[in-house]
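Raw contents of target_37.cif, mmCIF, C-alpha atoms and all ligand atoms:
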data_protein
#
loop_
_atom_site.group_PDB
_atom_site.id
_atom_site.type_symbol
_atom_site.label_atom_id
_atom_site.label_comp_id
_atom_site.auth_asym_id
_atom_site.auth_seq_id
_atom_site.Cartn_x
_atom_site.Cartn_y
_atom_site.Cartn_z
ATOM 1 C CA MET A 89 78.760 130.337 137.917
ATOM 2 C CA LYS A 90 80.257 126.985 138.521
ATOM 3 C CA THR A 91 83.158 126.873 140.896
ATOM 4 C CA ILE A 92 86.120 125.036 139.487
ATOM 5 C CA PRO A 93 88.169 123.164 142.051
ATOM 6 C CA PHE A 94 91.675 124.467 142.464
ATOM 7 C CA PHE A 95 93.227 121.123 141.763
ATOM 8 C CA LEU A 96 91.513 120.910 138.391
ATOM 9 C CA ILE A 97 92.893 124.269 137.407
ATOM 10 C CA GLY A 98 96.297 123.196 138.544
ATOM 11 C CA LEU A 99 96.068 119.947 136.655
ATOM 12 C CA SER A 100 95.063 121.763 133.538
ATOM 13 C CA ILE A 101 98.124 123.923 133.809
ATOM 14 C CA LEU A 102 100.282 120.921 134.265
ATOM 15 C CA ALA A 103 98.713 119.409 131.195
ATOM 16 C CA ILE A 104 100.250 122.247 129.261
ATOM 17 C CA ALA A 105 103.562 120.587 129.430
ATOM 18 C CA ALA A 106 102.038 117.178 128.881
ATOM 19 C CA CYS A 107 103.223 116.869 125.368
ATOM 20 C CA ALA A 108 104.475 113.619 123.960
ATOM 21 C CA GLY A 109 105.914 113.109 120.554
ATOM 22 C CA SER A 110 105.611 110.049 118.405
ATOM 23 C CA ARG A 111 108.691 110.082 116.299
ATOM 24 C CA THR A 112 111.371 107.494 116.389
ATOM 25 C CA PRO A 113 114.437 108.978 117.990
ATOM 26 C CA ALA A 114 117.598 108.868 116.038
ATOM 27 C CA PRO A 115 120.212 110.348 118.342
ATOM 28 C CA ARG A 116 122.991 111.724 116.299
ATOM 29 C CA GLY A 117 126.423 110.509 117.209
ATOM 30 C CA ASP A 118 129.247 112.889 117.675
ATOM 31 C CA ASP A 119 131.002 113.849 114.520
ATOM 32 C CA PRO A 120 134.206 111.907 114.124
ATOM 33 C CA ALA A 121 137.271 113.731 115.272
ATOM 34 C CA PRO A 122 139.205 115.245 112.398
ATOM 35 C CA VAL A 123 142.072 113.077 111.297
ATOM 36 C CA VAL A 124 145.355 114.930 111.287
ATOM 37 C CA ALA A 125 147.757 113.510 108.737
ATOM 38 C CA ASP A 126 151.200 112.729 110.022
ATOM 39 C CA ASP A 127 153.442 113.622 107.131
ATOM 40 C CA SER A 128 156.692 113.804 109.087
ATOM 41 C CA ALA A 129 157.973 110.567 107.505
ATOM 42 C CA CYS A 130 157.804 112.104 104.035
ATOM 43 C CA ASN A 131 159.417 115.365 105.036
ATOM 44 C CA PRO A 132 162.889 114.877 106.434
ATOM 45 C CA THR A 133 163.372 118.636 106.646
ATOM 46 C CA PRO A 134 161.181 119.965 109.342
ATOM 47 C CA GLU A 135 158.820 122.497 107.987
ATOM 48 C CA PRO A 136 156.611 124.859 109.812
ATOM 49 C CA GLU A 137 153.522 122.941 110.717
ATOM 50 C CA SER A 138 150.900 123.655 108.140
ATOM 51 C CA GLU A 139 147.972 124.642 110.219
ATOM 52 C CA ARG A 140 144.473 124.754 109.039
ATOM 53 C CA ASP A 141 142.781 128.081 109.197
ATOM 54 C CA PRO A 142 141.767 128.666 112.754
ATOM 55 C CA GLU A 143 138.163 127.868 113.461
ATOM 56 C CA PRO A 144 136.071 131.006 113.415
ATOM 57 C CA GLU A 145 135.366 132.051 116.922
ATOM 58 C CA THR A 146 131.991 130.733 117.924
ATOM 59 C CA PRO A 147 129.672 133.276 119.416
ATOM 60 C CA SER A 148 128.626 132.641 122.950
ATOM 61 C CA HIS A 149 125.336 133.450 124.523
ATOM 62 C CA PRO A 150 125.966 133.924 128.221
ATOM 63 C CA GLY A 151 123.030 132.995 130.405
ATOM 64 C CA PHE A 152 120.992 131.769 127.450
ATOM 65 C CA ILE A 153 120.252 128.116 128.174
ATOM 66 C CA VAL A 154 118.591 125.467 126.022
ATOM 67 C CA THR A 155 117.332 122.174 127.449
ATOM 68 C CA THR A 156 116.309 119.154 125.393
ATOM 69 C CA GLY A 157 114.933 115.652 125.637
ATOM 70 C CA VAL A 158 112.815 115.979 128.782
ATOM 71 C CA HIS A 159 110.304 113.696 127.084
ATOM 72 C CA GLY A 160 112.177 110.947 125.316
ATOM 73 C CA ASN A 161 109.703 110.573 122.485
ATOM 74 C CA GLU A 162 110.095 114.262 121.559
ATOM 75 C CA PRO A 163 113.621 114.103 120.210
ATOM 76 C CA SER A 164 113.883 116.985 117.753
ATOM 77 C CA GLY A 165 115.335 119.445 120.267
ATOM 78 C CA TYR A 166 117.971 116.929 121.300
ATOM 79 C CA LEU A 167 118.747 116.126 117.671
ATOM 80 C CA ILE A 168 119.782 119.721 116.981
ATOM 81 C CA LYS A 169 122.058 119.888 120.011
ATOM 82 C CA PRO A 170 125.228 119.675 117.852
ATOM 83 C CA ASP A 171 123.935 122.460 115.604
ATOM 84 C CA LEU A 172 123.178 124.654 118.600
ATOM 85 C CA GLU A 173 126.532 123.984 120.220
ATOM 86 C CA ALA A 174 128.264 124.833 116.934
ATOM 87 C CA LEU A 175 126.524 128.197 117.174
ATOM 88 C CA GLY A 176 127.879 128.730 120.654
ATOM 89 C CA PHE A 177 124.763 127.891 122.643
ATOM 90 C CA THR A 178 124.880 126.218 126.015
ATOM 91 C CA VAL A 179 122.681 123.135 125.717
ATOM 92 C CA TYR A 180 121.738 120.423 128.177
ATOM 93 C CA GLY A 181 120.314 117.125 127.143
ATOM 94 C CA PRO A 182 118.948 114.732 126.778
ATOM 95 C CA CYS A 183 117.364 115.396 130.160
ATOM 96 C CA ASN A 184 115.803 111.936 129.955
ATOM 97 C CA PRO A 185 118.517 109.780 128.331
ATOM 98 C CA TRP A 186 116.664 106.504 128.867
ATOM 99 C CA GLY A 187 113.557 107.967 127.258
ATOM 100 C CA ILE A 188 115.513 109.151 124.224
ATOM 101 C CA GLU A 189 117.166 105.791 123.872
ATOM 102 C CA ASN A 190 113.877 103.962 124.101
ATOM 103 C CA ASN A 191 111.596 106.488 122.410
ATOM 104 C CA ARG A 192 109.545 106.808 125.585
ATOM 105 C CA ARG A 193 108.032 109.890 127.099
ATOM 106 C CA HIS A 194 108.579 108.843 130.694
ATOM 107 C CA LEU A 195 111.586 107.982 132.790
ATOM 108 C CA GLU A 196 112.598 104.368 133.188
ATOM 109 C CA ASP A 197 110.705 104.268 136.489
ATOM 110 C CA GLY A 198 107.514 105.338 134.721
ATOM 111 C CA ARG A 199 107.386 108.863 136.099
ATOM 112 C CA ASP A 200 107.096 111.982 134.005
ATOM 113 C CA LEU A 201 110.276 113.991 134.437
ATOM 114 C CA ASN A 202 108.398 117.187 133.721
ATOM 115 C CA ARG A 203 106.383 116.757 136.922
ATOM 116 C CA MET A 204 109.368 116.078 139.150
ATOM 117 C CA PHE A 205 110.991 119.462 139.610
ATOM 118 C CA GLY A 206 109.084 120.327 142.765
ATOM 119 C CA ARG A 207 110.386 117.252 144.580
ATOM 120 C CA ASP A 208 113.793 115.957 145.473
ATOM 121 C CA ASP A 209 113.528 112.217 144.869
ATOM 122 C CA CYS A 210 114.049 112.129 141.123
ATOM 123 C CA PRO A 211 117.720 111.613 140.202
ATOM 124 C CA GLU A 212 117.303 112.918 136.643
ATOM 125 C CA ALA A 213 115.652 116.122 137.885
ATOM 126 C CA GLU A 214 118.353 116.542 140.534
ATOM 127 C CA THR A 215 121.051 116.158 137.879
ATOM 128 C CA ILE A 216 119.468 118.908 135.808
ATOM 129 C CA LYS A 217 119.038 121.146 138.855
ATOM 130 C CA GLN A 218 122.727 120.750 139.631
ATOM 131 C CA TRP A 219 123.671 121.509 136.034
ATOM 132 C CA LEU A 220 121.526 124.644 136.133
ATOM 133 C CA ALA A 221 123.208 125.669 139.371
ATOM 134 C CA ASP A 222 126.527 125.409 137.512
ATOM 135 C CA ASN A 223 125.092 127.186 134.455
ATOM 136 C CA PRO A 224 122.614 129.651 135.941
ATOM 137 C CA PRO A 225 120.111 130.737 133.299
ATOM 138 C CA LYS A 226 119.128 134.298 132.590
ATOM 139 C CA PHE A 227 116.787 132.943 129.979
ATOM 140 C CA LEU A 228 115.808 129.356 129.213
ATOM 141 C CA LEU A 229 114.198 127.513 126.331
ATOM 142 C CA ASP A 230 112.985 123.949 126.877
ATOM 143 C CA LEU A 231 112.387 122.194 123.543
ATOM 144 C CA HIS A 232 109.395 119.851 123.275
ATOM 145 C CA GLU A 233 106.875 118.415 120.815
ATOM 146 C CA ASP A 234 103.130 118.075 121.196
ATOM 147 C CA PRO A 235 101.711 114.870 119.667
ATOM 148 C CA ASP A 236 98.206 116.285 119.545
ATOM 149 C CA GLY A 237 99.236 119.749 118.506
ATOM 150 C CA THR A 238 98.105 121.025 115.159
ATOM 151 C CA ALA A 239 100.295 124.119 115.207
ATOM 152 C CA PRO A 240 103.292 125.389 117.142
ATOM 153 C CA TYR A 241 103.016 127.475 120.304
ATOM 154 C CA LEU A 242 105.053 128.684 123.259
ATOM 155 C CA ILE A 243 104.397 128.421 126.989
ATOM 156 C CA GLN A 244 106.058 131.229 128.852
ATOM 157 C CA HIS A 245 106.933 131.213 132.547
ATOM 158 C CA GLY A 246 107.636 134.815 133.407
ATOM 159 C CA PRO A 247 104.408 136.772 133.187
ATOM 160 C CA ASP A 248 105.944 140.224 132.979
ATOM 161 C CA ASP A 249 108.105 139.671 129.946
ATOM 162 C CA ASP A 250 106.961 140.135 126.358
ATOM 163 C CA ILE A 251 109.698 138.080 124.725
ATOM 164 C CA GLY A 252 107.374 135.140 124.005
ATOM 165 C CA ARG A 253 105.099 137.460 122.091
ATOM 166 C CA ARG A 254 108.021 138.963 120.226
ATOM 167 C CA ILE A 255 109.327 135.503 119.245
ATOM 168 C CA VAL A 256 105.919 134.566 117.831
ATOM 169 C CA ASP A 257 105.662 137.887 115.997
ATOM 170 C CA ALA A 258 109.094 137.441 114.482
ATOM 171 C CA LEU A 259 108.253 133.975 113.172
ATOM 172 C CA LYS A 260 104.596 134.262 112.245
ATOM 173 C CA ASP A 261 105.291 134.881 108.555
ATOM 174 C CA GLU A 262 107.058 131.568 108.394
ATOM 175 C CA TYR A 263 104.977 129.487 110.800
ATOM 176 C CA GLU A 264 101.288 129.430 111.427
ATOM 177 C CA PHE A 265 101.031 129.441 115.196
ATOM 178 C CA ASP A 266 98.125 127.982 117.108
ATOM 179 C CA PRO A 267 95.634 130.859 117.263
ATOM 180 C CA GLU A 268 94.081 129.601 120.503
ATOM 181 C CA PRO A 269 96.399 127.343 122.436
ATOM 182 C CA GLN A 270 94.289 126.138 125.328
ATOM 183 C CA PHE A 271 94.279 123.523 128.052
ATOM 184 C CA MET A 272 91.069 123.464 130.020
ATOM 185 C CA MET A 273 91.072 126.701 131.989
ATOM 186 C CA VAL A 274 94.329 128.073 130.689
ATOM 187 C CA LYS A 275 93.832 129.894 127.453
ATOM 188 C CA GLY A 276 96.412 131.459 125.290
ATOM 189 C CA GLU A 277 96.161 133.407 122.133
ATOM 190 C CA ASP A 278 98.057 133.794 118.932
ATOM 191 C CA GLY A 279 100.638 131.110 119.635
ATOM 192 C CA LEU A 280 101.384 131.996 123.245
ATOM 193 C CA LEU A 281 100.291 130.660 126.615
ATOM 194 C CA ASN A 282 101.464 133.007 129.311
ATOM 195 C CA PRO A 283 100.152 131.942 132.718
ATOM 196 C CA ASP A 284 99.741 134.898 135.058
ATOM 197 C CA GLY A 285 101.277 135.274 138.481
ATOM 198 C CA LYS A 286 98.287 133.777 140.265
ATOM 199 C CA THR A 287 98.360 130.656 138.131
ATOM 200 C CA LEU A 288 102.081 130.257 138.580
ATOM 201 C CA ALA A 289 101.710 130.683 142.335
ATOM 202 C CA MET A 290 99.174 127.883 142.338
ATOM 203 C CA MET A 291 101.601 125.622 140.524
ATOM 204 C CA ALA A 292 104.246 126.425 143.101
ATOM 205 C CA PHE A 293 101.795 125.535 145.851
ATOM 206 C CA MET A 294 101.076 122.151 144.280
ATOM 207 C CA LYS A 295 104.754 121.354 143.840
ATOM 208 C CA ILE A 296 104.106 119.355 140.695
ATOM 209 C CA TYR A 297 105.846 121.159 137.973
ATOM 210 C CA GLY A 298 108.342 120.978 135.189
ATOM 211 C CA LEU A 299 111.718 122.266 134.180
ATOM 212 C CA GLY A 300 110.478 125.555 132.719
ATOM 213 C CA PHE A 301 108.613 126.428 135.877
ATOM 214 C CA TYR A 302 111.565 125.408 138.035
ATOM 215 C CA ALA A 303 113.972 127.613 136.096
ATOM 216 C CA TRP A 304 111.655 130.595 136.341
ATOM 217 C CA ALA A 305 110.907 130.078 140.031
ATOM 218 C CA THR A 306 114.514 129.429 141.005
ATOM 219 C CA TYR A 307 116.447 131.840 138.833
ATOM 220 C CA LYS A 308 113.789 134.496 138.272
ATOM 221 C CA CYS A 309 114.410 134.156 134.588
ATOM 222 C CA THR A 310 111.870 133.891 131.835
ATOM 223 C CA ALA A 311 111.636 130.251 130.755
ATOM 224 C CA ILE A 312 109.748 129.193 127.674
ATOM 225 C CA VAL A 313 108.566 125.727 126.693
ATOM 226 C CA VAL A 314 108.734 125.484 122.911
ATOM 227 C CA GLU A 315 106.133 123.189 121.355
ATOM 228 C CA CYS A 316 105.592 122.026 117.794
ATOM 229 C CA PRO A 317 103.324 119.314 116.415
ATOM 230 C CA GLY A 318 104.850 115.864 116.843
ATOM 231 C CA SER A 319 103.230 114.981 113.530
ATOM 232 C CA TRP A 320 105.496 117.319 111.603
ATOM 233 C CA PRO A 321 108.294 115.619 109.674
ATOM 234 C CA GLU A 322 111.468 115.415 111.701
ATOM 235 C CA GLU A 323 113.360 117.910 109.556
ATOM 236 C CA LYS A 324 110.587 120.447 109.979
ATOM 237 C CA ARG A 325 110.548 119.993 113.755
ATOM 238 C CA LYS A 326 114.309 120.416 113.922
ATOM 239 C CA ALA A 327 114.277 123.476 111.670
ATOM 240 C CA TYR A 328 111.534 125.051 113.774
ATOM 241 C CA HIS A 329 113.383 124.554 117.036
ATOM 242 C CA LEU A 330 116.578 125.911 115.543
ATOM 243 C CA LYS A 331 114.719 128.957 114.268
ATOM 244 C CA VAL A 332 113.062 129.600 117.626
ATOM 245 C CA VAL A 333 116.364 129.347 119.491
ATOM 246 C CA LYS A 334 118.160 131.724 117.129
ATOM 247 C CA THR A 335 115.281 134.198 117.162
ATOM 248 C CA ALA A 336 114.912 134.095 120.935
ATOM 249 C CA ALA A 337 118.659 134.608 121.383
ATOM 250 C CA ARG A 338 118.648 137.622 119.092
ATOM 251 C CA LEU A 339 115.695 139.200 120.892
ATOM 252 C CA PHE A 340 117.050 138.354 124.339
ATOM 253 C CA GLU A 341 120.462 139.765 123.515
ATOM 254 C CA GLU A 342 119.048 142.891 121.870
ATOM 255 C CA SER A 343 116.993 143.645 124.930
ATOM 256 C CA ASN A 344 120.053 143.191 127.143
ATOM 257 C CA ASP A 345 122.347 145.430 125.116
HETATM 258 ZN ZN ZN B 401 107.127 117.369 126.158
#

This structure in structure tokens:
Amino acid sequence: MKTIPFFLIGLSILAIAACAGSRTPAPRGDDPAPVVADDSACNPTPEPESERDPEPETPSHPGFIVTTGVHGNEPSGYLIKPDLEALGFTVYGPCNPWGIENNRRHLEDGRDLNRMFGRDDCPEAETIKQWLADNPPKFLLDLHEDPDGTAPYLIQHGPDDDIGRRIVDALKDEYEFDPEPQFMMVKGEDGLLNPDGKTLAMMAFMKIYGLGFYAWATYKCTAIVVECPGSWPEEKRKAYHLKVVKTAARLFEESND
């Protein structure tokens, strides 16, 4: 049997996160602030302020963290940030603002942000690490796109958790997941790549890893990279990410009840 050099195995694992989308980013601006009419001039008699119905209380999802825009040419996760925040989710992004602005996978300095979390000389990675320290995850989803992907799949960091499998199961009627997601030596099945402890330890040793790995290694939380084909229409990519986040939150919160 051929011996496969360690570094090749490691590189293949790293390739897992090596997705790059091809869509044109169209960052959505903030919604304009509601205009409150000043009708005092027409009403000499002060009246009780007519208040709009109070906003329904948004649900919150403590410890459930969503990150977006690590690769700037994979914008769909970032584009649903307002929708997620309206649902009470804690969302960070874009992790790579320059990349989103310029529709580029890499950082302005040419490096891949999703290889920088094992070092300390990447300002964007350090910013995200600090934000995570302020918002410590109990569970994390990192939203990506895979330009070469033909079907969606998940990459789970956290080998002892079955939530990735349960997310796929919950969505498989609606989405046809990649039956054999695979990158060189790392094989997944039925929409899920779930590197085992040995593989993850090797990635730690190499110190070239991404946000999902960092969150898992640092906070001992399950962290899942969510991938969908970059060739899907933008609305489909956005709808998929939104669906995955909502489903994951429901399953995560059910299991923590
Ligand atoms: Zn990516």

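Proximity to Glu162 in chain A was assessed for A:Gly300, A:Met204, A:Phe340, A:Asp230 counting all atoms listed in the file; the smallest distance is recorded for A:Asp230.
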
Taking only C-alpha atoms into account, produce a table as a tab-separated table in which each residue of range 167-236 of chain A with an atom at most 12 Å from an atom of range 249-255 of chain A appears once, together with its shortest atom pair and the distance in Å to one decimal, ordered by chain and rising number.
residue	atom	partner	partner_atom	distance
A:Phe227	CA	A:Ile251	CA	10.2
A:Leu228	CA	A:Gly252	CA	11.5
A:Leu229	CA	A:Gly252	CA	10.5

Inset, instruction - Give as a PyMOL selection string the residues surrounding ligand ZN 401 (chain B) up to a distance of 12 Å, considering only C-alpha atoms and all ligand atoms. - result: chain A and resi 102-110+155-166+183-184+187-188+192-194+200-203+230-237+242-243+298-300+313-318

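The gap separating CA of Tyr302 in chain A from CA of Glu173 in chain A is 23.3 Å, in Å to one decimal.
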
Inset, instruction - Would you mind reading off the distance between CA of Gln218 in chain A and CA of Tyr328 in chain A, one decimal, in Å? - result: 28.5 Å

Legend entry - Target residues per the PyMOL selection byres (((chain A and resi 288) around 9) and not hetatm), formatted as JSON, numbers by chain: {"A": [101, 245, 246, 247, 283, 284, 285, 286, 287, 289, 290, 291, 292, 293, 301, 305]}

Inset, instruction - Work out how far CA of Arg338 in chain A is from CA of Asp222 in chain A, in Å to one decimal. - result: 23.5 Å

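What the PyMOL selection byres (((chain A and resi 269) around 8) and not hetatm) matches in the given file is Tyr241, Asp266, Pro267, Glu268, Gln270, Phe271, Lys275, Gly276, Glu277, Asp278, Gly279, Leu280 and Leu281 of chain A.
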
Inset, instruction - Around the point (123.8, 124.7, 121.7), in the coordinates given by the file, pick out the residues reaching within 10 Å, counting only C-alpha atoms, and return them as JSON, numbers by chain. - result: {"A": [148, 149, 152, 153, 154, 155, 166, 168, 169, 170, 171, 172, 173, 174, 175, 176, 177, 178, 179, 180, 181, 330, 333]}

Legend entry - Residues within 10 Å of Ala258 in chain A, all atoms listed in the file, excluding chain neighbours under 5 positions, as JSON, numbers by chain: {"A": [252, 253, 263, 332, 335, 336, 339]}

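Closest approach to Trp320 in chain A from the set A:Ala239, A:Met294, A:Leu167, A:Ala221 is made by A:Ala239, with distances taken over all atoms listed in the file.
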
Inset, instruction - Between A:Asn282, A:Ile216, A:Leu259, A:Trp304, single out the one closest to Lys334 in chain A, counting all atoms listed in the file. - result: A:Leu259

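Closest approach to Trp186 in chain A among A:Pro150, A:Arg199, A:Tyr307, A:Leu220: A:Arg199, based on all atoms listed in the file.
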
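Closest approach to Trp219 in chain A among A:Ala303, A:Asp257, A:Gly198, A:Ser319: A:Ala303, based on only C-alpha atoms.
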